[in-house]
Each structure stands twice: as C-alpha cells, then as structure tokens.
Number of protein chains: 2
Amino acid sequence: MTKGALAILVHGGTENWSPQRWKGRFDDVCRDRRVILLPDASFDPAEVHFAAVWKPKPGELASFPNLRVIFNLGAGVDALMADKSLPDVPLVRVAVADLTERMTEYVVLHVLMHHRQELYLRDSQREKRWQPKFQWAANAVTVGIMGLGTLGAHSADVLRRIGFRVTGWSSSPKQIEGVECFHGAAQLDAFLQRTDILVCLLPLTAETRHILNHDVFAKLNRTSPLGAPVLINAGRGGLQNEADILRCLDDGTLGAASLDVYETEPLPADSPFWSHPKVVLTPHNAADTDPDEISKYVARQIERFEAGGALENVVDRKRGY
Amino acid sequence: MTKGALAILVHGGTENWSPQRWKGRFDDVCRDRRVILLPDASFDPAEVHFAAVWKPKPGELASFPNLRVIFNLGAGVDALMADKSLPDVPLVRVAVADLTERMTEYVVLHVLMHHRQELYLRDSQREKRWQPKFQWAANAVTVGIMGLGTLGAHSADVLRRIGFRVTGWSSSPKQIEGVECFHGAAQLDAFLQRTDILVCLLPLTAETRHILNHDVFAKLNRTSPLGAPVLINAGRGGLQNEADILRCLDDGTLGAASLDVYETEPLPADSPFWSHPKVVLTPHNAADTDPDEISKYVARQIERFEAGGALENVVDRKRGY
C-alpha cells in the first residue's frame with residue numbers, strides 16, 4: 001500500500017522559515033512518502049492524506065477529498081480556526097519540548113528583567129549614575145500566569161525554582177505542584193488581585209480576545225512591591241487591547257510591559273510601543289522553534305497514525321485550542 | 001553568666017544599609033545580649049566576645065582582648081583578609097539562602113539576556129526595526145561557571161533546568177549533578193575551550209586576582225553559537241583586568257560583558273564601561289541581601305556557639321575564603 005502524501009501549505013513562511021526550507025526538512029524525515037509543496041507541484045489532490053500548514057488560505061484545505069489529519073506548524077491555531085471550510089478531520093498543534101523551553105526562556109528573562117529593575121538600571125547606566133535601589137527578593141513577588149497548558153506549566157516550574165510565588169489562571173481547573181491555581185470567570189478577580197507580574201500565554205479564542213484590557217489591569221495588585229504591576233504578553237496580539245495598555249502605562253495602572261505579539265504584525269512603524277520608555281518589545285520571537293524538531297514531531301505522529309495509533313495534541317474544535 | 005557582647009563595626013555601610021540600621025536589626029535578634037555600635041558607644045573592650053563587621057579598619061578588631069568569633073556581613077571576606085592584625089579567631093562568612101537566591105536571579109537574568117540577544121533587540125527597538133535573528137536553543141549554549149561554592153552550584157542548577165549545558169571550574173574538585181566539573185590550573189584550558197558564556201563567582205584571593213584577563217578570554221570557545229563568547233562577573237572587581245576586558249570587547253575576543261563589580265567602586269564617572277555598547281553594567285547589586293536574614297543567621301550562630309555547638313561557614317584562612 002502506498003503511503004498517503006503530505007502536502008505543505010505555508011504562507012508567508014513561519015517566522016524564520018521559508019516554505020522551501022520546510023519542504024527540505026520534511027523530505028528528510030518522510031523519506032518513503034511523497035511531500036508536496038503547494039502551490040508549486042502538479043499532483044492529484046486525492047493522494048494527500050496529511051497537511052502541514054501555517055496560515056493556509058481559507059478554503060485551501062477543503063480541496064483534498066482524502067485528507068485525514070491537519071498539522072499546524074505552531075502552537076497557536078487561532079488563524080486556522082477562522083477558516084469556516086476547515087475539513088472536519090483531526091487538527092494537531094505543535095507541542096514539542098523545544099518550543100516549550102524557548103517560551104520558558106522568554107518568560108523567565110522578562111520576569112527577571114522587571115523584577116530586577118532592568119529599565120531603571122539601563123537608564124542609570126546611560127546617565128552614568130551609580131544608584132542601586134532597594135531590591136525585593138523573588139519570594140516577595142507573585143507571578144500570575146494566564147494559561148496553564150504545557151507552556152504555562154513549564155514556565156511556572158522554573159519561576160518557582162528561582163523563588164517567585166507563582167499563581168495561575170486557566171479556563172478549566174488545573175493542578176500544578178506549588179502553584180495556586182484559579183479557573184474560570186468567577187475566580188479571575190481573586191487571581192488578578194494578588195498578581196504583581198501578569199504573564200499571558202493563553203490561546204486566542206472568541207472568549208479570550210482582548211482579555212488583556214483596562215478592567216483586568218486595574219484589578220492587579222495595587223500594593224505591588226514592584227511599585228505598579230507589570231504585563232508580559234507572549235501569547236497572541238489579539239489577546240490585548242493596545243490602546244488600554246498604553247493608557248494604563250501612562251496613568252500608572254501598569255508599571256511596565258514586555259510584548260512579543262501585537263494586533264498587527266510586523267508592528268507598524270507608527271506604533272507608540274516602539275519608543276515607549278516602559279515597553280520592552282520583541283518581534284514575535286519568544287519561541288521560534290527549530291523546524292527540525294517540528295518536522296520530526298509531525299513525521300512521528302503520521303507514522304503512528306497510519307499504524308493505527310492515536311494522535312497527540314489534537315485541538316478541541318469547540319473550545320478552540 | 002552574662003552573655004558576651006556583640007560589637008558592630010560597619011564602615012561606609014553595606015550596600016544599602018547604614019550602621020544604625022544594622023544596630024536596630026541586631027538589637028531585635030539579640031534581645032538578652034549587649035549590642036555595641038562602634039565607634040559611638042563607651043564600653044569595656046573586654047566585654048566583646050563577638051564582632052559583626054563590614055570592612056573594619058585594619059587593626060580595629062585587634063583591640064578586643066576576649067574576641068571569640070568574627071562575622072563578616074557579606075559573602076566575600078577579601079577586604080577583611082587584607083588586615084594583617086586580624087585576630088586569630090574563627091571568621092564566619094554569610095551563607096544565607098537569600099543571598100544565594102539573589103545571586104542566581106542575577107546570573108540567570110544576565111545569561112538569558114545575552115543568550116536571547118537583548119543588546120541586539122534593544123537596538124532594534126530603538127531603531128524601530130522588526131528583524132528577528134536566528135535564535136539558538138539553550139541546549140546549544142554552554143555556560144561555564146568559575147567558582148562552584150554555594151552560589152555557583154545553585155546558579156548551575158537553575159540554568160540546567162532552563163536547558164543550558166552547564167560546566168564548572170573551581171580550585172578544588174567538586175561534583176554537581178548534571179554539571180561537568182573541572183578543577184585546578186591544569187584543567188582550566190579544557191573548561192574555557194567549551195565555554196560560550198563565562199560566569200565568574202570566584203572568591204578574590206591572591207591566586208584569583210586578575211584571573212579574568214586577555215589570556216583567559218582568548219581561550220573561550222572561538223566557534224560559539226553566540227558569535228563571540230560573553231563574560232559575566234558578579235564576584236569581585238579585583239578578579240578582572242579591566243583594560244583587558246575593554247580590549248577584548250573591542251577586538252571581538254569577547255562579544256559582550258555583564259559586570260556587577262569593578263576594580264574601583266563606585267565605578268568612576270570616566271570609566272569607558274558606562275557608555276560601552278557591549279557592556280551591561282549594574283552597581284554591585286547582584287545580591288543585596290536582606291539584613292533581616294543576615295542578622296538572624298549571625299544570632300543563631302552565636303547562640304549555638306555559646307552552647308558549645310560548631311560554627312558554620314568558617315573561612316579557611318590559608319585558602320582565603
């Protein structure tokens with residue numbers, strides 16, 4: 001029996017990777033399977049059993065009559081879920097250790113930057129001022145993580161080992177050792193009230209769109225040892241109301257923000273974030289994952305699936321992640 | 001029997017603490033013992049059994065005929081060891097979890113800043129450039145820690161959990177789980193050759209003075225994934241040859257440096273470090289420890305010692321730490 005073909009539909013490329021480079025990687029790890037890079041190849045759509053995609057055009061996936069599984073080449077499936085004609089086959093998202101660890105690097109770095117007064121210290125260096133300020137220990141500071149999936153749980157673990165108090169909030173109940181877990185709309189306020197550094201790793205869904213807004217920021221710990229609470233968003237730009245972030249930074253509701261994602265990407269040149277003294281911004285590179293790891297992960301799942309095994313990390317279409 | 005008095009000799013204050021604040025803390029934790037703040041009080045030097053000191057003047061400690069223990073109010077005893085008339089009684093240095101954890105915060109922050117291209121990303125933000133560069137995973141980068149005492153071992157553990165390869169070098173052999181350990185002059189080159197980020201937490205002694213010099217920097221990994229190796233010194237300023245650091249930053253032997261300590265502190269206004277684009281500097285505040293923790297630690301040791309128990313963290317006068 002011939003193995004089903006794998007079609008690659010990557011538009012614009014993932015952050016650092018062109019469609020051609022993805023093709024090369026998949027050729028390496030799917031040696032006895034046809035790998036088709038769209039839209040270049042001439043092929044029979046019926047051959048395609050699997051699709052590895054990044055932001056495919058709406059309707060594009062509906063053209064494969066024998067499609068069995070869709071693999072999203074990243075953790076967030078929000079762009080894909082917006083396609084109303086998305087075939088009703090299992091949709092798998094990437095959950096490789098490499099992506100998890102890179103996100104933890106980003107989260108730990110930015111939590112420590114704000115905790116250790118990096119904005120103040122860089123200003124001091126620029127102005128040649130030797131003026132250390134009082135520095136709280138990590139155990140005086142609470143990091144609240146929104147989103148307790150694989151990424152949030154791993155970040156929580158490392159932050160806890162560094163000494164921070166860590167709490168978490170998610171839509172459904174979770175249990176993580178050493179982390180006070182809150183869930184659902186009813187417990188959101190209790191979570192926010194004790195949070196000094198808010199880290200957002202939520203998936204973007206209809207429920208979470210613009211969840212990072214003025215009302216939420218105003219409920220963060222008003223007596224934070226950091227002076228004012230801090231926002232770190234490494235989830236999706238659609239989670240944040242950018243006008244609210246700017247307003248809250250300017251009126252002191254927020255003390256600072258680290259942003260990796262934006263409502264429009266690349267961030268437009270006229271965005272006030274670029275030159276805002278309280279914003280630490282990065283170009284959506286918190287967790288650029290090695291395509292090596294992702295392609296191997298997809299190839300392993302295809303092999304197992306064809307052998308009758310179960311798929312991992314299948315998206316729940318109803319909740320949207 | 002009256003309890004021996006505790007004399008406090010703090011000159012210039014520790015980083016954020018005045019002698020008077022130390023007096024207040026020790027009064028709180030040594031309630032049934034006389035606490036004398038020098039040089040203000042009139043008292044009988046023979047009463048003094050214990051001294052809690054920070055940079056006492058040479059000869060000052062020799063004036064207490066019944067001195068039994070000296071407590072240094074910080075981790076580094078290099079300033080104290082320079083006093084040739086230092087009484088021959090046990091000298092105890094601070095080793096509290098608070099200091100260890102703060103140092104780990106600093107080390108992890110600065111390792112991640114260089115690993116995650118913070119100097120490049122801050123420049124990009126200033127210039128409004130959305131240009132992510134290729135980012136290596138932590139497991140492609142080796143952090144080499146010089147000094148594997150309490151501080152080095154704790155930093156190593158957290159860095160390892162984040163995913164870095166961690167090696168260590170110390171004067172005497174050590175074993176730390178998951179850390180390739182080198183020791184002594186004979187193994188220094190092997191350690192340096194594989195190091196991408198060099199973290200120095202050594203004590204300052206006659207042997208380690210100016211150990212961070214051109215020859216050492218030139219032996220670091222010349223094919224580092226970071227481009228050029230990075231120096232992080234949070235030990236003592238006397239460990240570094242500052243002219244060599246500047247030369248190596250300028251000729252590319254070093255890619256960047258994070259410095260918390262300097263040959264002269266406060267760092268003079270005319271030091272080129274202040275405005276060097278590859279230097280991230282902090283005003284010797286890597287591990288400002290809570291005097292609460294330190295005073296409790298000293299009080300506990302005094303009580304145990306008077307009850308016939310052993311002192312902890314006694315300095316080996318011969319090796320100098």
# chains A, B, ... in the order shown; residues from 1 in each chain; ligands from 1

call {"tool": "interface_residues", "arguments": {"of": "chain B", "to": "chain A", "cutoff": "7 Å", "atoms": "only C-alpha atoms", "output": "ChimeraX atom specification"}}
result
/B:101-102,105,109,112-113,121,125-126,128,130-132,137,162,266,269,274-275,281-283,285

call {"tool": "residues_around", "arguments": {"residues": "Leu202 (chain B)", "least_positions_apart": "6", "cutoff": "7 Å", "atoms": "only C-alpha atoms", "output": "list in words"}}
result
Met146, Gly147 and Gly235 of chain B

call {"tool": "write_last_selection", "arguments": {"atoms": "N, CA and C atoms", "output": "tab-separated table (two decimals), in the first residue's frame"}}
result
chain	number	residue	atom	x	y	z
B	146	MET	N	32.78	29.76	36.91
B	146	MET	CA	34.01	29.71	37.70
B	146	MET	C	33.63	29.96	39.15
B	147	GLY	N	33.92	28.97	40.01
B	147	GLY	CA	33.51	29.10	41.40
B	147	GLY	C	32.29	28.24	41.64
B	235	GLY	N	31.51	38.42	40.87
B	235	GLY	CA	32.32	38.06	42.03
B	235	GLY	C	32.85	39.31	42.71

call {"tool": "residues_around", "arguments": {"residues": "region 244-252 of chain B", "least_positions_apart": "2", "cutoff": "10 Å", "atoms": "only C-alpha atoms", "output": "PyMOL selection string"}}
result
chain B and resi 210+212-215+217-218+227-231+240-242+254-257+272-273+276-279

call {"tool": "select_by_dssp", "arguments": {"residues": "region 73-303 of chain B", "states": "strand (DSSP E or B)", "output": "number ranges by chain"}}
result
B: 91-93, 142-146, 165-170, 176, 179-183, 197-200, 212, 230-233, 240, 256-259, 279-281

call {"tool": "write_last_selection", "arguments": {"atoms": "N, CA, C and O atoms", "output": "CSV table (one decimal), in the first residue's frame"}}
result
chain,number,residue,atom,x,y,z
B,91,LEU,N,36.6,33.0,61.7
B,91,LEU,CA,36.0,34.1,60.9
B,91,LEU,C,34.9,33.4,60.1
B,91,LEU,O,35.1,32.5,59.3
B,92,VAL,N,33.7,33.9,60.2
B,92,VAL,CA,32.5,33.3,59.6
B,92,VAL,C,32.0,34.2,58.5
B,92,VAL,O,31.9,35.4,58.7
B,93,ARG,N,31.7,33.6,57.3
B,93,ARG,CA,31.1,34.5,56.3
B,93,ARG,C,29.6,34.1,56.1
B,93,ARG,O,29.2,33.1,56.5
B,142,THR,N,26.8,26.6,26.0
B,142,THR,CA,27.4,26.2,27.3
B,142,THR,C,27.8,27.3,28.2
B,142,THR,O,28.5,28.3,27.8
B,143,VAL,N,27.2,27.3,29.4
B,143,VAL,CA,27.5,28.3,30.4
B,143,VAL,C,28.6,27.7,31.3
B,143,VAL,O,28.4,26.6,31.9
B,144,GLY,N,29.8,28.3,31.4
B,144,GLY,CA,30.8,27.8,32.3
B,144,GLY,C,30.9,28.7,33.5
B,144,GLY,O,31.1,29.9,33.4
B,145,ILE,N,30.8,28.1,34.7
B,145,ILE,CA,30.8,28.8,35.9
B,145,ILE,C,32.1,28.7,36.7
B,145,ILE,O,32.5,27.5,37.0
B,146,MET,N,32.8,29.8,36.9
B,146,MET,CA,34.0,29.7,37.7
B,146,MET,C,33.6,30.0,39.2
B,146,MET,O,33.1,31.0,39.5
B,165,ARG,N,23.6,23.8,28.7
B,165,ARG,CA,24.7,23.0,29.1
B,165,ARG,C,25.5,23.8,30.1
B,165,ARG,O,25.8,24.9,29.9
B,166,VAL,N,25.8,23.1,31.2
B,166,VAL,CA,26.5,23.9,32.3
B,166,VAL,C,27.8,23.1,32.7
B,166,VAL,O,27.7,21.9,32.9
B,167,THR,N,28.9,23.8,32.7
B,167,THR,CA,30.1,23.3,33.2
B,167,THR,C,30.6,24.2,34.3
B,167,THR,O,30.1,25.3,34.4
B,168,GLY,N,31.6,23.7,35.1
B,168,GLY,CA,32.1,24.5,36.2
B,168,GLY,C,33.6,24.3,36.4
B,168,GLY,O,34.1,23.3,36.0
B,169,TRP,N,34.2,25.3,37.0
B,169,TRP,CA,35.6,25.2,37.3
B,169,TRP,C,35.8,25.7,38.7
B,169,TRP,O,35.2,26.7,39.1
B,170,SER,N,36.6,25.0,39.5
B,170,SER,CA,36.9,25.5,40.8
B,170,SER,C,38.3,25.1,41.2
B,170,SER,O,38.9,24.3,40.5
B,176,ILE,N,28.8,18.0,40.9
B,176,ILE,CA,27.5,18.6,40.9
B,176,ILE,C,26.7,17.9,39.8
B,176,ILE,O,27.1,17.8,38.7
B,179,VAL,N,26.4,18.6,35.9
B,179,VAL,CA,27.4,19.7,35.6
B,179,VAL,C,28.8,19.0,35.4
B,179,VAL,O,29.3,18.3,36.3
B,180,GLU,N,29.4,19.3,34.2
B,180,GLU,CA,30.7,18.8,34.0
B,180,GLU,C,31.7,19.7,34.8
B,180,GLU,O,31.8,20.8,34.5
B,181,CYS,N,32.4,19.1,35.8
B,181,CYS,CA,33.2,19.9,36.7
B,181,CYS,C,34.7,19.7,36.4
B,181,CYS,O,35.2,18.6,36.3
B,182,PHE,N,35.4,20.8,36.3
B,182,PHE,CA,36.8,20.9,36.1
B,182,PHE,C,37.4,21.5,37.3
B,182,PHE,O,36.8,22.3,38.0
B,183,HIS,N,38.7,21.3,37.6
B,183,HIS,CA,39.4,22.0,38.7
B,183,HIS,C,40.9,22.2,38.5
B,183,HIS,O,41.5,21.5,37.7
B,197,ILE,N,29.4,31.2,27.5
B,197,ILE,CA,29.1,32.3,28.5
B,197,ILE,C,29.9,32.0,29.8
B,197,ILE,O,29.6,31.0,30.4
B,198,LEU,N,30.8,32.8,30.1
B,198,LEU,CA,31.7,32.6,31.3
B,198,LEU,C,31.1,33.4,32.4
B,198,LEU,O,31.0,34.7,32.4
B,199,VAL,N,30.7,32.7,33.5
B,199,VAL,CA,30.2,33.4,34.7
B,199,VAL,C,31.2,33.3,35.8
B,199,VAL,O,31.6,32.1,36.2
B,200,CYS,N,31.6,34.4,36.4
B,200,CYS,CA,32.6,34.3,37.4
B,200,CYS,C,32.0,34.6,38.8
B,200,CYS,O,31.5,35.7,39.0
B,212,LEU,N,40.5,37.1,35.4
B,212,LEU,CA,39.7,37.4,34.2
B,212,LEU,C,40.6,38.4,33.3
B,212,LEU,O,40.4,39.6,33.4
B,230,VAL,N,30.9,35.4,25.9
B,230,VAL,CA,30.4,36.5,26.8
B,230,VAL,C,30.9,36.3,28.2
B,230,VAL,O,31.0,35.2,28.7
B,231,LEU,N,31.3,37.5,28.8
B,231,LEU,CA,31.7,37.4,30.2
B,231,LEU,C,30.7,38.0,31.2
B,231,LEU,O,30.1,39.1,30.9
B,232,ILE,N,30.4,37.3,32.3
B,232,ILE,CA,29.6,37.8,33.3
B,232,ILE,C,30.4,37.8,34.6
B,232,ILE,O,30.7,36.7,35.1
B,233,ASN,N,30.7,38.9,35.3
B,233,ASN,CA,31.4,38.9,36.5
B,233,ASN,C,30.6,39.5,37.6
B,233,ASN,O,30.2,40.6,37.7
B,240,GLN,N,39.1,40.9,37.9
B,240,GLN,CA,39.1,41.3,36.4
B,240,GLN,C,40.2,42.3,36.1
B,240,GLN,O,40.4,43.2,36.9
B,256,ALA,N,30.3,40.4,24.5
B,256,ALA,CA,29.6,41.3,25.4
B,256,ALA,C,30.1,41.0,26.8
B,256,ALA,O,30.7,39.9,27.0
B,257,ALA,N,29.7,41.8,27.7
B,257,ALA,CA,30.0,41.6,29.1
B,257,ALA,C,28.9,42.2,30.0
B,257,ALA,O,28.4,43.3,29.8
B,258,SER,N,28.6,41.4,31.1
B,258,SER,CA,27.8,42.0,32.2
B,258,SER,C,28.7,42.1,33.4
B,258,SER,O,29.3,41.1,33.8
B,259,LEU,N,28.8,43.3,33.9
B,259,LEU,CA,29.6,43.5,35.1
B,259,LEU,C,28.8,44.0,36.2
B,259,LEU,O,28.1,45.0,36.1
B,279,VAL,N,28.5,46.5,27.0
B,279,VAL,CA,28.6,46.3,28.4
B,279,VAL,C,27.2,46.6,29.0
B,279,VAL,O,26.6,47.6,28.8
B,280,VAL,N,26.8,45.6,29.8
B,280,VAL,CA,25.6,45.7,30.6
B,280,VAL,C,26.1,45.9,32.1
B,280,VAL,O,26.6,44.9,32.6
B,281,LEU,N,26.0,47.0,32.7
B,281,LEU,CA,26.6,47.2,34.0
B,281,LEU,C,25.5,47.4,35.1
B,281,LEU,O,24.5,48.0,34.8

call {"tool": "atom_distance", "arguments": {"atom1": "CA of His49 (chain A)", "atom2": "CA of Ile70 (chain A)"}}
result
8.8 Å

call {"tool": "decode", "arguments": {"residues": "region 28-76 of chain A", "atoms": "N, CA and C atoms", "output": "PDB file, in the first residue's frame"}}
result
ATOM      1  N   ASP A  28      13.488  15.170   4.350  1.00  0.00           N
ATOM      2  CA  ASP A  28      14.461  14.427   5.157  1.00  0.00           C
ATOM      3  C   ASP A  28      13.801  13.425   6.101  1.00  0.00           C
ATOM      4  N   VAL A  29      12.697  13.824   6.712  1.00  0.00           N
ATOM      5  CA  VAL A  29      12.107  12.968   7.753  1.00  0.00           C
ATOM      6  C   VAL A  29      10.963  12.093   7.245  1.00  0.00           C
ATOM      7  N   CYS A  30      10.507  12.304   6.005  1.00  0.00           N
ATOM      8  CA  CYS A  30       9.442  11.463   5.423  1.00  0.00           C
ATOM      9  C   CYS A  30       9.996  10.835   4.147  1.00  0.00           C
ATOM     10  N   ARG A  31      11.038  10.036   4.254  1.00  0.00           N
ATOM     11  CA  ARG A  31      11.789   9.576   3.084  1.00  0.00           C
ATOM     12  C   ARG A  31      10.985   8.700   2.127  1.00  0.00           C
ATOM     13  N   ASP A  32      10.072   7.876   2.661  1.00  0.00           N
ATOM     14  CA  ASP A  32       9.317   6.987   1.771  1.00  0.00           C
ATOM     15  C   ASP A  32       7.889   7.489   1.540  1.00  0.00           C
ATOM     16  N   ARG A  33       7.733   8.816   1.633  1.00  0.00           N
ATOM     17  CA  ARG A  33       6.401   9.395   1.455  1.00  0.00           C
ATOM     18  C   ARG A  33       6.536  10.602   0.527  1.00  0.00           C
ATOM     19  N   ARG A  34       5.550  10.815  -0.317  1.00  0.00           N
ATOM     20  CA  ARG A  34       5.607  11.974  -1.195  1.00  0.00           C
ATOM     21  C   ARG A  34       5.312  13.245  -0.395  1.00  0.00           C
ATOM     22  N   VAL A  35       6.178  14.233  -0.546  1.00  0.00           N
ATOM     23  CA  VAL A  35       5.982  15.514   0.129  1.00  0.00           C
ATOM     24  C   VAL A  35       5.757  16.566  -0.948  1.00  0.00           C
ATOM     25  N   ILE A  36       4.609  17.205  -0.899  1.00  0.00           N
ATOM     26  CA  ILE A  36       4.201  18.144  -1.945  1.00  0.00           C
ATOM     27  C   ILE A  36       4.189  19.558  -1.388  1.00  0.00           C
ATOM     28  N   LEU A  37       4.956  20.430  -2.023  1.00  0.00           N
ATOM     29  CA  LEU A  37       4.950  21.827  -1.584  1.00  0.00           C
ATOM     30  C   LEU A  37       3.973  22.619  -2.444  1.00  0.00           C
ATOM     31  N   LEU A  38       2.926  23.120  -1.819  1.00  0.00           N
ATOM     32  CA  LEU A  38       1.946  23.907  -2.567  1.00  0.00           C
ATOM     33  C   LEU A  38       2.357  25.375  -2.603  1.00  0.00           C
ATOM     34  N   PRO A  39       1.958  26.120  -3.605  1.00  0.00           N
ATOM     35  CA  PRO A  39       1.121  25.698  -4.728  1.00  0.00           C
ATOM     36  C   PRO A  39       1.927  25.240  -5.938  1.00  0.00           C
ATOM     37  N   ASP A  40       3.224  24.918  -5.765  1.00  0.00           N
ATOM     38  CA  ASP A  40       4.090  24.673  -6.922  1.00  0.00           C
ATOM     39  C   ASP A  40       3.838  23.367  -7.666  1.00  0.00           C
ATOM     40  N   ALA A  41       3.539  22.294  -6.974  1.00  0.00           N
ATOM     41  CA  ALA A  41       3.570  20.974  -7.599  1.00  0.00           C
ATOM     42  C   ALA A  41       2.292  20.655  -8.381  1.00  0.00           C
ATOM     43  N   SER A  42       2.465  19.847  -9.397  1.00  0.00           N
ATOM     44  CA  SER A  42       1.288  19.286 -10.053  1.00  0.00           C
ATOM     45  C   SER A  42       1.087  17.912  -9.430  1.00  0.00           C
ATOM     46  N   PHE A  43      -0.096  17.652  -8.965  1.00  0.00           N
ATOM     47  CA  PHE A  43      -0.335  16.404  -8.232  1.00  0.00           C
ATOM     48  C   PHE A  43      -1.825  16.148  -8.202  1.00  0.00           C
ATOM     49  N   ASP A  44      -2.181  14.977  -7.761  1.00  0.00           N
ATOM     50  CA  ASP A  44      -3.588  14.606  -7.634  1.00  0.00           C
ATOM     51  C   ASP A  44      -4.027  14.889  -6.193  1.00  0.00           C
ATOM     52  N   PRO A  45      -4.964  15.817  -5.990  1.00  0.00           N
ATOM     53  CA  PRO A  45      -5.372  16.151  -4.614  1.00  0.00           C
ATOM     54  C   PRO A  45      -5.816  14.927  -3.811  1.00  0.00           C
ATOM     55  N   ALA A  46      -6.239  13.869  -4.493  1.00  0.00           N
ATOM     56  CA  ALA A  46      -6.723  12.682  -3.782  1.00  0.00           C
ATOM     57  C   ALA A  46      -5.609  11.925  -3.067  1.00  0.00           C
ATOM     58  N   GLU A  47      -4.369  12.138  -3.528  1.00  0.00           N
ATOM     59  CA  GLU A  47      -3.212  11.476  -2.882  1.00  0.00           C
ATOM     60  C   GLU A  47      -2.965  11.982  -1.476  1.00  0.00           C
ATOM     61  N   VAL A  48      -3.371  13.243  -1.243  1.00  0.00           N
ATOM     62  CA  VAL A  48      -2.979  13.914   0.006  1.00  0.00           C
ATOM     63  C   VAL A  48      -3.792  13.407   1.192  1.00  0.00           C
ATOM     64  N   HIS A  49      -3.089  12.765   2.122  1.00  0.00           N
ATOM     65  CA  HIS A  49      -3.741  12.319   3.353  1.00  0.00           C
ATOM     66  C   HIS A  49      -3.438  13.250   4.524  1.00  0.00           C
ATOM     67  N   PHE A  50      -2.310  13.956   4.412  1.00  0.00           N
ATOM     68  CA  PHE A  50      -1.862  14.790   5.535  1.00  0.00           C
ATOM     69  C   PHE A  50      -1.482  16.172   5.027  1.00  0.00           C
ATOM     70  N   ALA A  51      -1.716  17.170   5.868  1.00  0.00           N
ATOM     71  CA  ALA A  51      -1.310  18.526   5.500  1.00  0.00           C
ATOM     72  C   ALA A  51      -0.584  19.159   6.679  1.00  0.00           C
ATOM     73  N   ALA A  52       0.584  19.755   6.372  1.00  0.00           N
ATOM     74  CA  ALA A  52       1.328  20.516   7.377  1.00  0.00           C
ATOM     75  C   ALA A  52       1.195  21.966   6.976  1.00  0.00           C
ATOM     76  N   VAL A  53       0.579  22.779   7.849  1.00  0.00           N
ATOM     77  CA  VAL A  53       0.161  24.103   7.401  1.00  0.00           C
ATOM     78  C   VAL A  53       0.563  25.225   8.347  1.00  0.00           C
ATOM     79  N   TRP A  54       0.709  26.419   7.760  1.00  0.00           N
ATOM     80  CA  TRP A  54       0.856  27.641   8.545  1.00  0.00           C
ATOM     81  C   TRP A  54       0.069  28.727   7.828  1.00  0.00           C
ATOM     82  N   LYS A  55      -1.008  29.174   8.447  1.00  0.00           N
ATOM     83  CA  LYS A  55      -1.876  30.202   7.883  1.00  0.00           C
ATOM     84  C   LYS A  55      -2.309  29.913   6.446  1.00  0.00           C
ATOM     85  N   PRO A  56      -2.890  28.717   6.195  1.00  0.00           N
ATOM     86  CA  PRO A  56      -3.379  28.428   4.840  1.00  0.00           C
ATOM     87  C   PRO A  56      -4.530  29.385   4.511  1.00  0.00           C
ATOM     88  N   LYS A  57      -4.748  29.591   3.204  1.00  0.00           N
ATOM     89  CA  LYS A  57      -5.844  30.487   2.817  1.00  0.00           C
ATOM     90  C   LYS A  57      -7.181  29.797   3.087  1.00  0.00           C
ATOM     91  N   PRO A  58      -8.185  30.542   3.525  1.00  0.00           N
ATOM     92  CA  PRO A  58      -9.489  29.932   3.777  1.00  0.00           C
ATOM     93  C   PRO A  58      -9.947  29.137   2.551  1.00  0.00           C
ATOM     94  N   GLY A  59     -10.388  27.916   2.757  1.00  0.00           N
ATOM     95  CA  GLY A  59     -10.878  27.082   1.660  1.00  0.00           C
ATOM     96  C   GLY A  59      -9.820  26.185   1.062  1.00  0.00           C
ATOM     97  N   GLU A  60      -8.573  26.498   1.253  1.00  0.00           N
ATOM     98  CA  GLU A  60      -7.488  25.770   0.608  1.00  0.00           C
ATOM     99  C   GLU A  60      -7.459  24.297   1.038  1.00  0.00           C
ATOM    100  N   LEU A  61      -7.714  24.050   2.313  1.00  0.00           N
ATOM    101  CA  LEU A  61      -7.657  22.669   2.810  1.00  0.00           C
ATOM    102  C   LEU A  61      -8.861  21.842   2.363  1.00  0.00           C
ATOM    103  N   ALA A  62      -9.938  22.526   1.966  1.00  0.00           N
ATOM    104  CA  ALA A  62     -11.155  21.815   1.566  1.00  0.00           C
ATOM    105  C   ALA A  62     -10.989  21.097   0.228  1.00  0.00           C
ATOM    106  N   SER A  63      -9.880  21.361  -0.466  1.00  0.00           N
ATOM    107  CA  SER A  63      -9.706  20.786  -1.805  1.00  0.00           C
ATOM    108  C   SER A  63      -9.096  19.382  -1.798  1.00  0.00           C
ATOM    109  N   PHE A  64      -8.819  18.825  -0.626  1.00  0.00           N
ATOM    110  CA  PHE A  64      -8.252  17.465  -0.556  1.00  0.00           C
ATOM    111  C   PHE A  64      -9.333  16.483  -0.102  1.00  0.00           C
ATOM    112  N   PRO A  65      -9.862  15.664  -1.029  1.00  0.00           N
ATOM    113  CA  PRO A  65     -11.001  14.809  -0.664  1.00  0.00           C
ATOM    114  C   PRO A  65     -10.638  13.721   0.351  1.00  0.00           C
ATOM    115  N   ASN A  66      -9.356  13.312   0.382  1.00  0.00           N
ATOM    116  CA  ASN A  66      -8.978  12.220   1.288  1.00  0.00           C
ATOM    117  C   ASN A  66      -8.128  12.659   2.478  1.00  0.00           C
ATOM    118  N   LEU A  67      -8.230  13.925   2.817  1.00  0.00           N
ATOM    119  CA  LEU A  67      -7.419  14.456   3.918  1.00  0.00           C
ATOM    120  C   LEU A  67      -7.791  13.755   5.230  1.00  0.00           C
ATOM    121  N   ARG A  68      -6.763  13.328   5.972  1.00  0.00           N
ATOM    122  CA  ARG A  68      -7.041  12.603   7.215  1.00  0.00           C
ATOM    123  C   ARG A  68      -6.617  13.373   8.470  1.00  0.00           C
ATOM    124  N   VAL A  69      -5.518  14.124   8.367  1.00  0.00           N
ATOM    125  CA  VAL A  69      -5.053  14.899   9.534  1.00  0.00           C
ATOM    126  C   VAL A  69      -4.436  16.218   9.055  1.00  0.00           C
ATOM    127  N   ILE A  70      -4.677  17.287   9.821  1.00  0.00           N
ATOM    128  CA  ILE A  70      -4.019  18.576   9.578  1.00  0.00           C
ATOM    129  C   ILE A  70      -3.054  18.837  10.735  1.00  0.00           C
ATOM    130  N   PHE A  71      -1.812  19.155  10.381  1.00  0.00           N
ATOM    131  CA  PHE A  71      -0.830  19.519  11.403  1.00  0.00           C
ATOM    132  C   PHE A  71      -0.537  21.012  11.294  1.00  0.00           C
ATOM    133  N   ASN A  72      -0.748  21.731  12.377  1.00  0.00           N
ATOM    134  CA  ASN A  72      -0.438  23.161  12.398  1.00  0.00           C
ATOM    135  C   ASN A  72       1.018  23.319  12.838  1.00  0.00           C
ATOM    136  N   LEU A  73       1.809  24.084  12.066  1.00  0.00           N
ATOM    137  CA  LEU A  73       3.249  24.175  12.345  1.00  0.00           C
ATOM    138  C   LEU A  73       3.588  25.211  13.431  1.00  0.00           C
ATOM    139  N   GLY A  74       2.754  25.302  14.441  1.00  0.00           N
ATOM    140  CA  GLY A  74       2.998  26.206  15.560  1.00  0.00           C
ATOM    141  C   GLY A  74       2.038  25.829  16.673  1.00  0.00           C
ATOM    142  N   ALA A  75       2.154  26.522  17.812  1.00  0.00           N
ATOM    143  CA  ALA A  75       1.315  26.161  18.951  1.00  0.00           C
ATOM    144  C   ALA A  75      -0.088  26.754  18.838  1.00  0.00           C
ATOM    145  N   GLY A  76      -0.194  27.948  18.265  1.00  0.00           N
ATOM    146  CA  GLY A  76      -1.476  28.640  18.221  1.00  0.00           C
ATOM    147  C   GLY A  76      -2.246  28.324  16.954  1.00  0.00           C
TER     148      GLY A  76
END
